[in-house]
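coords24.pdb, holding PDB, C-alpha atoms:
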MODEL        1
ATOM      1  CA  MET A  25      27.892   3.074  -8.260  1.00  0.00           C
ATOM      2  CA  LYS A  26      25.367   1.821 -10.783  1.00  0.00           C
ATOM      3  CA  ALA A  27      21.851   1.306  -9.427  1.00  0.00           C
ATOM      4  CA  LEU A  28      18.677   0.029 -11.041  1.00  0.00           C
ATOM      5  CA  ALA A  29      15.397   1.492  -9.748  1.00  0.00           C
ATOM      6  CA  ILE A  30      12.009  -0.205 -10.183  1.00  0.00           C
ATOM      7  CA  ASP A  31       8.524   1.167  -9.487  1.00  0.00           C
ATOM      8  CA  THR A  32       5.380  -0.825 -10.286  1.00  0.00           C
ATOM      9  CA  THR A  33       3.276   0.261  -7.301  1.00  0.00           C
ATOM     10  CA  ASN A  34       0.588   2.094  -9.318  1.00  0.00           C
ATOM     11  CA  ASN A  35      -0.402   2.545 -12.966  1.00  0.00           C
ATOM     12  CA  VAL A  36       2.957   4.191 -13.601  1.00  0.00           C
ATOM     13  CA  LEU A  37       5.666   1.736 -14.592  1.00  0.00           C
ATOM     14  CA  GLY A  38       9.047   3.317 -13.956  1.00  0.00           C
ATOM     15  CA  ILE A  39      12.542   1.939 -14.492  1.00  0.00           C
ATOM     16  CA  ALA A  40      15.732   3.976 -14.155  1.00  0.00           C
ATOM     17  CA  LEU A  41      19.460   3.374 -14.307  1.00  0.00           C
ATOM     18  CA  VAL A  42      21.789   5.763 -12.510  1.00  0.00           C
ATOM     19  CA  ASP A  43      25.532   5.937 -12.001  1.00  0.00           C
ATOM     20  CA  ASP A  44      26.053   7.860  -8.770  1.00  0.00           C
ATOM     21  CA  ASN A  45      24.206  11.151  -9.384  1.00  0.00           C
ATOM     22  CA  ASN A  46      24.034  10.728 -13.164  1.00  0.00           C
ATOM     23  CA  VAL A  47      20.790   9.470 -14.694  1.00  0.00           C
ATOM     24  CA  ILE A  48      21.870   7.175 -17.529  1.00  0.00           C
ATOM     25  CA  GLY A  49      18.427   6.071 -18.635  1.00  0.00           C
ATOM     26  CA  GLU A  50      14.801   6.242 -17.603  1.00  0.00           C
ATOM     27  CA  TYR A  51      11.684   4.450 -18.810  1.00  0.00           C
ATOM     28  CA  ILE A  52       8.230   5.552 -17.696  1.00  0.00           C
ATOM     29  CA  THR A  53       4.648   4.925 -18.790  1.00  0.00           C
ATOM     30  CA  ASN A  54       1.299   5.720 -17.186  1.00  0.00           C
ATOM     31  CA  LEU A  55      -0.966   2.999 -18.517  1.00  0.00           C
ATOM     32  CA  LYS A  56      -3.495   0.555 -17.097  1.00  0.00           C
ATOM     33  CA  LYS A  57      -1.551  -2.474 -18.286  1.00  0.00           C
ATOM     34  CA  ASN A  58      -0.196  -5.551 -16.548  1.00  0.00           C
ATOM     35  CA  HIS A  59       3.164  -4.793 -14.947  1.00  0.00           C
ATOM     36  CA  SER A  60       3.877  -8.505 -14.558  1.00  0.00           C
ATOM     37  CA  VAL A  61       4.113  -8.761 -18.335  1.00  0.00           C
ATOM     38  CA  ARG A  62       5.870  -5.455 -19.036  1.00  0.00           C
ATOM     39  CA  ALA A  63       8.308  -4.855 -16.180  1.00  0.00           C
ATOM     40  CA  MET A  64      11.065  -7.376 -16.996  1.00  0.00           C
ATOM     41  CA  PRO A  65      11.125  -6.558 -20.742  1.00  0.00           C
ATOM     42  CA  ALA A  66      11.372  -2.861 -19.794  1.00  0.00           C
ATOM     43  CA  ILE A  67      14.322  -3.586 -17.507  1.00  0.00           C
ATOM     44  CA  GLU A  68      16.066  -5.667 -20.165  1.00  0.00           C
ATOM     45  CA  ARG A  69      15.514  -3.027 -22.857  1.00  0.00           C
ATOM     46  CA  LEU A  70      16.778  -0.196 -20.657  1.00  0.00           C
ATOM     47  CA  LEU A  71      19.938  -2.084 -19.705  1.00  0.00           C
ATOM     48  CA  GLN A  72      20.568  -2.987 -23.347  1.00  0.00           C
ATOM     49  CA  ASP A  73      20.045   0.592 -24.522  1.00  0.00           C
ATOM     50  CA  CYS A  74      22.444   1.806 -21.817  1.00  0.00           C
ATOM     51  CA  ASP A  75      25.058  -0.864 -22.700  1.00  0.00           C
ATOM     52  CA  THR A  76      24.917  -2.180 -19.146  1.00  0.00           C
ATOM     53  CA  ALA A  77      25.048  -5.846 -18.183  1.00  0.00           C
ATOM     54  CA  PRO A  78      23.206  -7.007 -15.054  1.00  0.00           C
ATOM     55  CA  SER A  79      26.573  -8.014 -13.590  1.00  0.00           C
ATOM     56  CA  GLU A  80      27.614  -4.347 -13.648  1.00  0.00           C
ATOM     57  CA  LEU A  81      24.840  -3.320 -11.250  1.00  0.00           C
ATOM     58  CA  ASP A  82      25.860  -2.442  -7.691  1.00  0.00           C
ATOM     59  CA  LYS A  83      22.444  -1.925  -6.100  1.00  0.00           C
ATOM     60  CA  ILE A  84      18.725  -2.508  -6.652  1.00  0.00           C
ATOM     61  CA  ILE A  85      16.265   0.147  -5.470  1.00  0.00           C
ATOM     62  CA  VAL A  86      12.532  -0.543  -5.385  1.00  0.00           C
ATOM     63  CA  ALA A  87       9.319   1.267  -4.501  1.00  0.00           C
ATOM     64  CA  THR A  88       7.707  -0.697  -1.671  1.00  0.00           C
ATOM     65  CA  GLY A  89       4.246   0.901  -1.517  1.00  0.00           C
ATOM     66  CA  PRO A  90       1.643   1.911  -0.706  1.00  0.00           C
ATOM     67  CA  GLY A  91      -0.272   1.447  -3.923  1.00  0.00           C
ATOM     68  CA  SER A  92      -1.888  -1.372  -5.850  1.00  0.00           C
ATOM     69  CA  TYR A  93      -1.461  -4.609  -3.879  1.00  0.00           C
ATOM     70  CA  THR A  94      -0.627  -6.562  -7.014  1.00  0.00           C
ATOM     71  CA  GLY A  95       1.617  -3.823  -8.385  1.00  0.00           C
ATOM     72  CA  VAL A  96       3.586  -3.533  -5.163  1.00  0.00           C
ATOM     73  CA  ARG A  97       4.150  -7.299  -5.029  1.00  0.00           C
ATOM     74  CA  ILE A  98       5.353  -7.424  -8.637  1.00  0.00           C
ATOM     75  CA  GLY A  99       8.029  -4.774  -8.188  1.00  0.00           C
ATOM     76  CA  VAL A 100       9.261  -6.061  -4.845  1.00  0.00           C
ATOM     77  CA  SER A 101       9.424  -9.647  -6.145  1.00  0.00           C
ATOM     78  CA  ILE A 102      11.419  -8.648  -9.220  1.00  0.00           C
ATOM     79  CA  ALA A 103      13.779  -6.468  -7.179  1.00  0.00           C
ATOM     80  CA  LYS A 104      14.417  -9.161  -4.556  1.00  0.00           C
ATOM     81  CA  THR A 105      15.047 -11.786  -7.231  1.00  0.00           C
ATOM     82  CA  LEU A 106      17.563  -9.549  -9.009  1.00  0.00           C
ATOM     83  CA  ALA A 107      19.340  -8.550  -5.800  1.00  0.00           C
ATOM     84  CA  TRP A 108      19.547 -12.141  -4.585  1.00  0.00           C
ATOM     85  CA  SER A 109      20.709 -13.611  -7.907  1.00  0.00           C
ATOM     86  CA  LEU A 110      23.303 -10.847  -8.455  1.00  0.00           C
ATOM     87  CA  ASN A 111      24.307 -10.857  -4.765  1.00  0.00           C
ATOM     88  CA  ILE A 112      24.019  -7.068  -4.482  1.00  0.00           C
ATOM     89  CA  PRO A 113      22.327  -4.787  -1.911  1.00  0.00           C
ATOM     90  CA  ILE A 114      18.678  -3.805  -2.085  1.00  0.00           C
ATOM     91  CA  VAL A 115      16.948  -0.665  -0.814  1.00  0.00           C
ATOM     92  CA  GLY A 116      13.221  -0.004  -0.399  1.00  0.00           C
ATOM     93  CA  VAL A 117      11.688   3.471  -0.738  1.00  0.00           C
ATOM     94  CA  SER A 118       8.163   4.695   0.006  1.00  0.00           C
ATOM     95  CA  SER A 119       6.074   5.230  -3.123  1.00  0.00           C
ATOM     96  CA  LEU A 120       4.719   8.426  -1.586  1.00  0.00           C
ATOM     97  CA  GLU A 121       8.201   9.749  -0.881  1.00  0.00           C
ATOM     98  CA  ILE A 122       9.117   9.218  -4.535  1.00  0.00           C
ATOM     99  CA  LEU A 123       6.129  11.270  -5.634  1.00  0.00           C
ATOM    100  CA  ALA A 124       6.844  13.996  -3.075  1.00  0.00           C
ATOM    101  CA  ALA A 125      10.337  14.389  -4.543  1.00  0.00           C
ATOM    102  CA  ASN A 126       8.702  16.070  -7.562  1.00  0.00           C
ATOM    103  CA  GLY A 127       7.997  19.112  -5.383  1.00  0.00           C
ATOM    104  CA  ARG A 128      11.673  19.972  -5.147  1.00  0.00           C
ATOM    105  CA  PHE A 129      11.189  23.678  -5.868  1.00  0.00           C
ATOM    106  CA  PHE A 130       8.034  24.242  -3.832  1.00  0.00           C
ATOM    107  CA  ASN A 131       8.351  26.554  -0.841  1.00  0.00           C
ATOM    108  CA  GLY A 132       5.889  24.829   1.481  1.00  0.00           C
ATOM    109  CA  VAL A 133       4.752  21.347   2.456  1.00  0.00           C
ATOM    110  CA  ILE A 134       4.100  18.564  -0.049  1.00  0.00           C
ATOM    111  CA  SER A 135       1.253  16.067   0.119  1.00  0.00           C
ATOM    112  CA  PRO A 136       1.619  13.189  -2.364  1.00  0.00           C
ATOM    113  CA  LEU A 137      -1.672  11.418  -2.831  1.00  0.00           C
ATOM    114  CA  PHE A 138      -2.986   8.050  -4.028  1.00  0.00           C
ATOM    115  CA  ASP A 139      -6.709   7.317  -4.038  1.00  0.00           C
ATOM    116  CA  ALA A 140      -7.719   4.491  -1.663  1.00  0.00           C
ATOM    117  CA  ARG A 141     -11.463   4.519  -2.483  1.00  0.00           C
ATOM    118  CA  ARG A 142     -14.479   5.220  -0.274  1.00  0.00           C
ATOM    119  CA  GLY A 143     -13.273   8.717   0.527  1.00  0.00           C
ATOM    120  CA  GLN A 144      -9.898   7.484   1.736  1.00  0.00           C
ATOM    121  CA  ILE A 145      -6.394   8.284   0.500  1.00  0.00           C
ATOM    122  CA  TYR A 146      -2.818   7.181   0.972  1.00  0.00           C
ATOM    123  CA  THR A 147      -0.666  10.160   1.792  1.00  0.00           C
ATOM    124  CA  GLY A 148       2.167  11.590   3.861  1.00  0.00           C
ATOM    125  CA  LEU A 149       3.660  15.027   4.372  1.00  0.00           C
ATOM    126  CA  PHE A 150       7.082  16.275   3.311  1.00  0.00           C
ATOM    127  CA  HIS A 151       9.078  19.433   2.691  1.00  0.00           C
ATOM    128  CA  TYR A 152      12.469  20.339   1.334  1.00  0.00           C
ATOM    129  CA  LYS A 153      15.054  21.601   3.792  1.00  0.00           C
ATOM    130  CA  ASN A 154      18.576  22.468   2.673  1.00  0.00           C
ATOM    131  CA  LYS A 155      17.807  20.781  -0.657  1.00  0.00           C
ATOM    132  CA  GLU A 156      16.918  17.498   1.060  1.00  0.00           C
ATOM    133  CA  LEU A 157      13.473  15.913   1.190  1.00  0.00           C
ATOM    134  CA  VAL A 158      12.383  15.687   4.824  1.00  0.00           C
ATOM    135  CA  ARG A 159       9.422  13.699   6.115  1.00  0.00           C
ATOM    136  CA  ILE A 160       6.944  15.524   8.398  1.00  0.00           C
ATOM    137  CA  GLU A 161       4.163  12.923   8.646  1.00  0.00           C
ATOM    138  CA  ASN A 162       4.433   9.166   8.133  1.00  0.00           C
ATOM    139  CA  ASP A 163       2.703   7.401   5.264  1.00  0.00           C
ATOM    140  CA  GLN A 164      -0.887   6.698   6.222  1.00  0.00           C
ATOM    141  CA  ASN A 165      -4.298   5.627   5.013  1.00  0.00           C
ATOM    142  CA  LEU A 166      -7.140   7.828   6.214  1.00  0.00           C
ATOM    143  CA  LEU A 167     -10.225   9.766   5.203  1.00  0.00           C
ATOM    144  CA  LEU A 168      -9.428  12.704   2.957  1.00  0.00           C
ATOM    145  CA  THR A 169     -11.641  14.965   5.096  1.00  0.00           C
ATOM    146  CA  ASP A 170      -9.565  14.174   8.202  1.00  0.00           C
ATOM    147  CA  TRP A 171      -6.324  14.844   6.327  1.00  0.00           C
ATOM    148  CA  LEU A 172      -7.554  18.157   4.954  1.00  0.00           C
ATOM    149  CA  ASN A 173      -8.709  19.327   8.364  1.00  0.00           C
ATOM    150  CA  MET A 174      -5.264  18.566   9.764  1.00  0.00           C
ATOM    151  CA  LEU A 175      -3.604  20.485   6.926  1.00  0.00           C
ATOM    152  CA  LYS A 176      -5.959  23.414   7.443  1.00  0.00           C
ATOM    153  CA  GLU A 177      -4.773  23.713  11.034  1.00  0.00           C
ATOM    154  CA  ARG A 178      -1.177  24.015   9.826  1.00  0.00           C
ATOM    155  CA  ASN A 179      -2.170  27.170   7.937  1.00  0.00           C
ATOM    156  CA  GLU A 180       0.466  26.938   5.217  1.00  0.00           C
ATOM    157  CA  HIS A 181       0.560  26.292   1.502  1.00  0.00           C
ATOM    158  CA  VAL A 182       0.317  22.634   0.495  1.00  0.00           C
ATOM    159  CA  LEU A 183       1.394  21.210  -2.852  1.00  0.00           C
ATOM    160  CA  PHE A 184      -0.724  18.224  -3.923  1.00  0.00           C
ATOM    161  CA  VAL A 185       0.878  15.829  -6.402  1.00  0.00           C
ATOM    162  CA  GLY A 186      -0.263  12.535  -7.885  1.00  0.00           C
ATOM    163  CA  ASN A 187      -2.401  11.276 -10.726  1.00  0.00           C
ATOM    164  CA  ASP A 188      -5.352  10.823  -8.350  1.00  0.00           C
ATOM    165  CA  VAL A 189      -5.380  14.434  -7.147  1.00  0.00           C
ATOM    166  CA  SER A 190      -7.929  15.319  -9.835  1.00  0.00           C
ATOM    167  CA  LEU A 191     -10.427  12.935  -8.203  1.00  0.00           C
ATOM    168  CA  HIS A 192     -10.384  15.007  -5.025  1.00  0.00           C
ATOM    169  CA  LYS A 193      -9.582  18.510  -6.281  1.00  0.00           C
ATOM    170  CA  GLU A 194     -13.029  19.936  -5.589  1.00  0.00           C
ATOM    171  CA  LEU A 195     -13.040  18.901  -1.916  1.00  0.00           C
ATOM    172  CA  ILE A 196      -9.431  20.022  -1.452  1.00  0.00           C
ATOM    173  CA  MET A 197     -10.202  23.483  -2.808  1.00  0.00           C
ATOM    174  CA  GLU A 198     -13.407  23.709  -0.777  1.00  0.00           C
ATOM    175  CA  THR A 199     -11.544  22.922   2.458  1.00  0.00           C
ATOM    176  CA  LEU A 200      -8.188  24.654   1.984  1.00  0.00           C
ATOM    177  CA  GLY A 201      -8.968  27.458  -0.427  1.00  0.00           C
ATOM    178  CA  GLU A 202      -5.858  29.420  -1.405  1.00  0.00           C
ATOM    179  CA  MET A 203      -3.646  27.224   0.776  1.00  0.00           C
ATOM    180  CA  ALA A 204      -4.035  24.427  -1.789  1.00  0.00           C
ATOM    181  CA  VAL A 205      -1.555  24.338  -4.671  1.00  0.00           C
ATOM    182  CA  PHE A 206      -1.836  21.747  -7.424  1.00  0.00           C
ATOM    183  CA  GLY A 207       1.201  20.421  -9.244  1.00  0.00           C
ATOM    184  CA  GLN A 208       1.420  20.752 -12.996  1.00  0.00           C
ATOM    185  CA  VAL A 209       0.631  17.636 -14.987  1.00  0.00           C
ATOM    186  CA  THR A 210       4.335  16.800 -15.381  1.00  0.00           C
ATOM    187  CA  LEU A 211       4.678  16.483 -11.605  1.00  0.00           C
ATOM    188  CA  HIS A 212       1.981  13.859 -11.111  1.00  0.00           C
ATOM    189  CA  ASN A 213       3.944  10.821 -12.315  1.00  0.00           C
ATOM    190  CA  PRO A 214       6.413   9.416  -9.777  1.00  0.00           C
ATOM    191  CA  ARG A 215       9.829   9.479 -11.456  1.00  0.00           C
ATOM    192  CA  PRO A 216      12.006   6.350 -11.253  1.00  0.00           C
ATOM    193  CA  SER A 217      15.114   8.539 -11.426  1.00  0.00           C
ATOM    194  CA  GLU A 218      13.967  10.256  -8.218  1.00  0.00           C
ATOM    195  CA  LEU A 219      13.451   6.804  -6.712  1.00  0.00           C
ATOM    196  CA  ALA A 220      17.011   5.900  -7.633  1.00  0.00           C
ATOM    197  CA  LEU A 221      18.526   9.068  -6.161  1.00  0.00           C
ATOM    198  CA  LEU A 222      16.538   8.674  -2.945  1.00  0.00           C
ATOM    199  CA  GLY A 223      17.599   5.056  -2.617  1.00  0.00           C
ATOM    200  CA  LEU A 224      21.292   5.771  -3.087  1.00  0.00           C
ATOM    201  CA  VAL A 225      21.444   7.572   0.266  1.00  0.00           C
ATOM    202  CA  LYS A 226      19.213   5.197   2.263  1.00  0.00           C
ATOM    203  CA  ASN A 227      20.321   2.238   4.333  1.00  0.00           C
ATOM    204  CA  GLU A 228      20.428  -1.118   2.599  1.00  0.00           C
ATOM    205  CA  THR A 229      18.041  -3.901   3.634  1.00  0.00           C
ATOM    206  CA  ASP A 230      18.653  -7.619   3.829  1.00  0.00           C
ATOM    207  CA  VAL A 231      17.044  -9.065   0.720  1.00  0.00           C
ATOM    208  CA  HIS A 232      14.994 -11.571   2.722  1.00  0.00           C
ATOM    209  CA  SER A 233      13.764  -8.879   5.137  1.00  0.00           C
ATOM    210  CA  LEU A 234      12.467  -6.451   2.521  1.00  0.00           C
ATOM    211  CA  VAL A 235       8.672  -6.580   2.392  1.00  0.00           C
ATOM    212  CA  PRO A 236       5.935  -4.496   0.760  1.00  0.00           C
ATOM    213  CA  ASN A 237       4.353  -1.682   2.752  1.00  0.00           C
ATOM    214  CA  TYR A 238       0.650  -1.956   2.016  1.00  0.00           C
ATOM    215  CA  ILE A 239      -0.315   0.203   5.052  1.00  0.00           C
ATOM    216  CA  ARG A 240      -3.704  -1.528   5.155  1.00  0.00           C
ATOM    217  CA  LEU A 241      -4.879  -5.057   4.478  1.00  0.00           C
ATOM    218  CA  ALA A 242      -6.471  -5.954   1.183  1.00  0.00           C
ATOM    219  CA  GLU A 243     -10.274  -5.937   1.462  1.00  0.00           C
ATOM    220  CA  ALA A 244     -10.458  -9.725   1.131  1.00  0.00           C
ATOM    221  CA  GLU A 245      -7.902 -10.206   3.914  1.00  0.00           C
ATOM    222  CA  ALA A 246      -9.684  -7.741   6.175  1.00  0.00           C
ATOM    223  CA  LYS A 247     -13.018  -9.513   5.667  1.00  0.00           C
ATOM    224  CA  TRP A 248     -11.410 -12.894   6.371  1.00  0.00           C
ATOM    225  CA  LEU A 249      -9.884 -11.672   9.629  1.00  0.00           C
ATOM    226  CA  GLU A 250     -13.202 -10.163  10.664  1.00  0.00           C
ATOM    227  CA  GLN A 251     -14.925 -13.510  10.068  1.00  0.00           C
ATOM    228  CA  GLN A 252     -12.385 -15.258  12.300  1.00  0.00           C
ATOM    229  CA  LYS A 253     -13.265 -13.115  15.321  1.00  0.00           C
TER     230      LYS A 253
ENDMDL
END

As structure tokens:
Amino acid sequence: MKALAIDTTNNVLGIALVDDNNVIGEYITNLKKNHSVRAMPAIERLLQDCDTAPSELDKIIVATGPGSYTGVRIGVSIAKTLAWSLNIPIVGVSSLEILAANGRFFNGVISPLFDARRGQIYTGLFHYKNKELVRIENDQNLLLTDWLNMLKERNEHVLFVGNDVSLHKELIMETLGEMAVFGQVTLHNPRPSELALLGLVKNETDVHSLVPNYIRLAEAEAKWLEQQK
């Protein structure tokens, strides 16, 4: 089964093509550039380089958030358009789960992390069991201090991964001490090939039912709703 994976939820733009458990090609950049301009050309180039026509694809797999509101919408829109036009299944995967998959060889719990500003983060909690990534805590948006206090109560080593970890490293170390483990730089980019492999074993979603998972409203939407009360 050939599957195309797309991730535009954060600064990282990731595209991968897999055939069952074989990674045929992978494109990844970590740049503050417009995904709406770069995503489709990246998909076209990857398929061309891998001698694969769109008609040969069997499934589309997309990162559904959380992350940048605009970035999430871009990836989901492209994925839904491809799945609908090619009449093939689509699968959505949490952006945090993709990042957590980089901790495959860590013997402890894994906390992927995206900065959400004002002392808040997007995160979840995972671990590997029998070589499979297992979710412990759902994706959530909360104050970093609250998250760290919860992790401290667990009293076990925690691997932090994500390009925004550096923004919060000092507070993490101050709260967790030796329980905090920081992934090497190569682990901080979510890998589109991991997205693809995760999506291959998840249930398919009706293309019209797949929606982004922002977790929280955009600030403008939240202010508008508050004004309506």

Practice problem: Could you tell me which residues the PyMOL selection byres ((chain A and resi 26) around 6) grabs in this file, written as a VMD selection string? | Solution: chain A and resid 25 27 42 to 43 81 to 82

Exercise. Name the residues that the PyMOL selection byres ((chain A and resi 119-128) around 6) picks from the file above, as a ChimeraX atom specification, using the file's chain letters and numbers.
Key: /A:87,89,118,129-130,136,211,214,219

Pull C-alpha atoms from the residues just selected and write them as a PDB file, in the coordinates of the input.
ATOM      1  CA  ALA A  87       9.319   1.267  -4.501  1.00  0.00           C
ATOM      2  CA  GLY A  89       4.246   0.901  -1.517  1.00  0.00           C
ATOM      3  CA  SER A 118       8.163   4.695   0.006  1.00  0.00           C
ATOM      4  CA  PHE A 129      11.189  23.678  -5.868  1.00  0.00           C
ATOM      5  CA  PHE A 130       8.034  24.242  -3.832  1.00  0.00           C
ATOM      6  CA  PRO A 136       1.619  13.189  -2.364  1.00  0.00           C
ATOM      7  CA  LEU A 211       4.678  16.483 -11.605  1.00  0.00           C
ATOM      8  CA  PRO A 214       6.413   9.416  -9.777  1.00  0.00           C
ATOM      9  CA  LEU A 219      13.451   6.804  -6.712  1.00  0.00           C
TER      10      LEU A 219
END

Practice problem: Excluding Val225 of chain A and residues on its chain fewer than 2 positions from it, collect all residues at most 12 Å away from it, counting only C-alpha atoms, and give them as a ChimeraX atom specification. | Solution: /A:25,27,44-45,83,85,114-117,156-157,218-223,227-228

Please give the centre and size of the box around segment 85-89 of chain A (axis-aligned, containing every atom listed in the file, 5 Å added per side), with values in Å to one decimal and written as AutoDock Vina command-line options.
--center_x 10.3 --center_y 0.3 --center_z -3.5 --size_x 22.0 --size_y 12.0 --size_z 14.0

Self-check item: Residue among A:Glu180, A:Leu137, A:Pro236, A:Asp188 lying closest to Glu202 of chain A, counting all atoms listed in the file
Solution: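 Ranking A:Glu180, A:Leu137, A:Pro236, A:Asp188 by distance to Glu202 of chain A, first place goes to A:Glu180.
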
Quiz item: Which protein, DNA or RNA residues have an atom at most 12 Å from (-3.8, 6.2, -0.6), counting all atoms listed in the file? List them as a PyMOL selection string.
Solution: chain A and resi 33-34+89-93+119-120+135-148+163-168+171+186-189+192+237-240

Ground truth for the PyMOL selection byres ((chain A and resi 50) around 12), written as an mmCIF file with C-alpha atoms, in the frame of the given file:
data_model
loop_
_atom_site.group_PDB
_atom_site.id
_atom_site.type_symbol
_atom_site.label_atom_id
_atom_site.label_comp_id
_atom_site.auth_asym_id
_atom_site.auth_seq_id
_atom_site.Cartn_x
_atom_site.Cartn_y
_atom_site.Cartn_z
ATOM 1 C CA ALA A 27 21.851 1.306 -9.427
ATOM 2 C CA LEU A 28 18.677 0.029 -11.041
ATOM 3 C CA ALA A 29 15.397 1.492 -9.748
ATOM 4 C CA ILE A 30 12.009 -0.205 -10.183
ATOM 5 C CA ASP A 31 8.524 1.167 -9.487
ATOM 6 C CA LEU A 37 5.666 1.736 -14.592
ATOM 7 C CA GLY A 38 9.047 3.317 -13.956
ATOM 8 C CA ILE A 39 12.542 1.939 -14.492
ATOM 9 C CA ALA A 40 15.732 3.976 -14.155
ATOM 10 C CA LEU A 41 19.460 3.374 -14.307
ATOM 11 C CA VAL A 42 21.789 5.763 -12.510
ATOM 12 C CA ASN A 46 24.034 10.728 -13.164
ATOM 13 C CA VAL A 47 20.790 9.470 -14.694
ATOM 14 C CA ILE A 48 21.870 7.175 -17.529
ATOM 15 C CA GLY A 49 18.427 6.071 -18.635
ATOM 16 C CA TYR A 51 11.684 4.450 -18.810
ATOM 17 C CA ILE A 52 8.230 5.552 -17.696
ATOM 18 C CA THR A 53 4.648 4.925 -18.790
ATOM 19 C CA ALA A 66 11.372 -2.861 -19.794
ATOM 20 C CA ILE A 67 14.322 -3.586 -17.507
ATOM 21 C CA ARG A 69 15.514 -3.027 -22.857
ATOM 22 C CA LEU A 70 16.778 -0.196 -20.657
ATOM 23 C CA LEU A 71 19.938 -2.084 -19.705
ATOM 24 C CA ASP A 73 20.045 0.592 -24.522
ATOM 25 C CA CYS A 74 22.444 1.806 -21.817
ATOM 26 C CA PRO A 214 6.413 9.416 -9.777
ATOM 27 C CA ARG A 215 9.829 9.479 -11.456
ATOM 28 C CA PRO A 216 12.006 6.350 -11.253
ATOM 29 C CA SER A 217 15.114 8.539 -11.426
ATOM 30 C CA GLU A 218 13.967 10.256 -8.218
ATOM 31 C CA LEU A 219 13.451 6.804 -6.712
ATOM 32 C CA ALA A 220 17.011 5.900 -7.633
#

Quiz item: When you draw a straight line from atom CA of His232 of chain A to atom CA of Asn58 of chain A, how long is it in Å?
Solution: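 Between atom CA of His232 of chain A and atom CA of Asn58 of chain A the gap works out to 25.3 Å.
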
Quiz prompt | Point-to-point distance from atom CA of Arg159 of chain A to atom CA of Ile98 of chain A, Å rounded to tenths | solution =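 One can read the atom CA of Arg159 of chain A to atom CA of Ile98 of chain A distance as 26.1 Å.
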
Quiz item: Counting all atoms listed in the file, which of A:Leu55, A:Asn179, A:Thr94, A:Leu110 gets nearest to Pro78 of chain A?
Solution: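 The answer is A:Leu110, which sits nearest to Pro78 of chain A.
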
Quiz item: From the list A:Ala77, A:Val36, A:Val235, A:Val133, which residue is nearest Gly95 of chain A when using only C-alpha atoms?
Solution: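 Of A:Ala77, A:Val36, A:Val235, A:Val133, the one nearest Gly95 of chain A, counting only C-alpha atoms, is A:Val36.
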
Practice problem: Would you mind reading off the distance between atom CA of Val86 of chain A and atom CA of Leu234 of chain A, one decimal, in Å? | Solution: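 Atom CA of Leu234 of chain A lies at a distance of 9.9 Å from atom CA of Val86 of chain A.
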
Quiz item: Of the residues A:Met64, A:Val158, A:Ile196, A:Ile134, which is the one nearest to Ser101 of chain A, using all atoms listed in the file?
Solution: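 For Ser101 of chain A, the nearest of the given residues is A:Met64.
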
Quiz item: Taking into account only C-alpha atoms, which residue in the set A:Lys104, A:His212, A:His59, A:Lys176 is nearest to Ile84 of chain A?
Solution: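 Of all the options, A:Lys104 lies closest to Ile84 of chain A.
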
Self-check item: Using only C-alpha atoms: which of A:Asp75, A:Glu161, A:Glu198, A:Glu80 has the shortest distance to Asn173 of chain A
Solution: A:Glu198
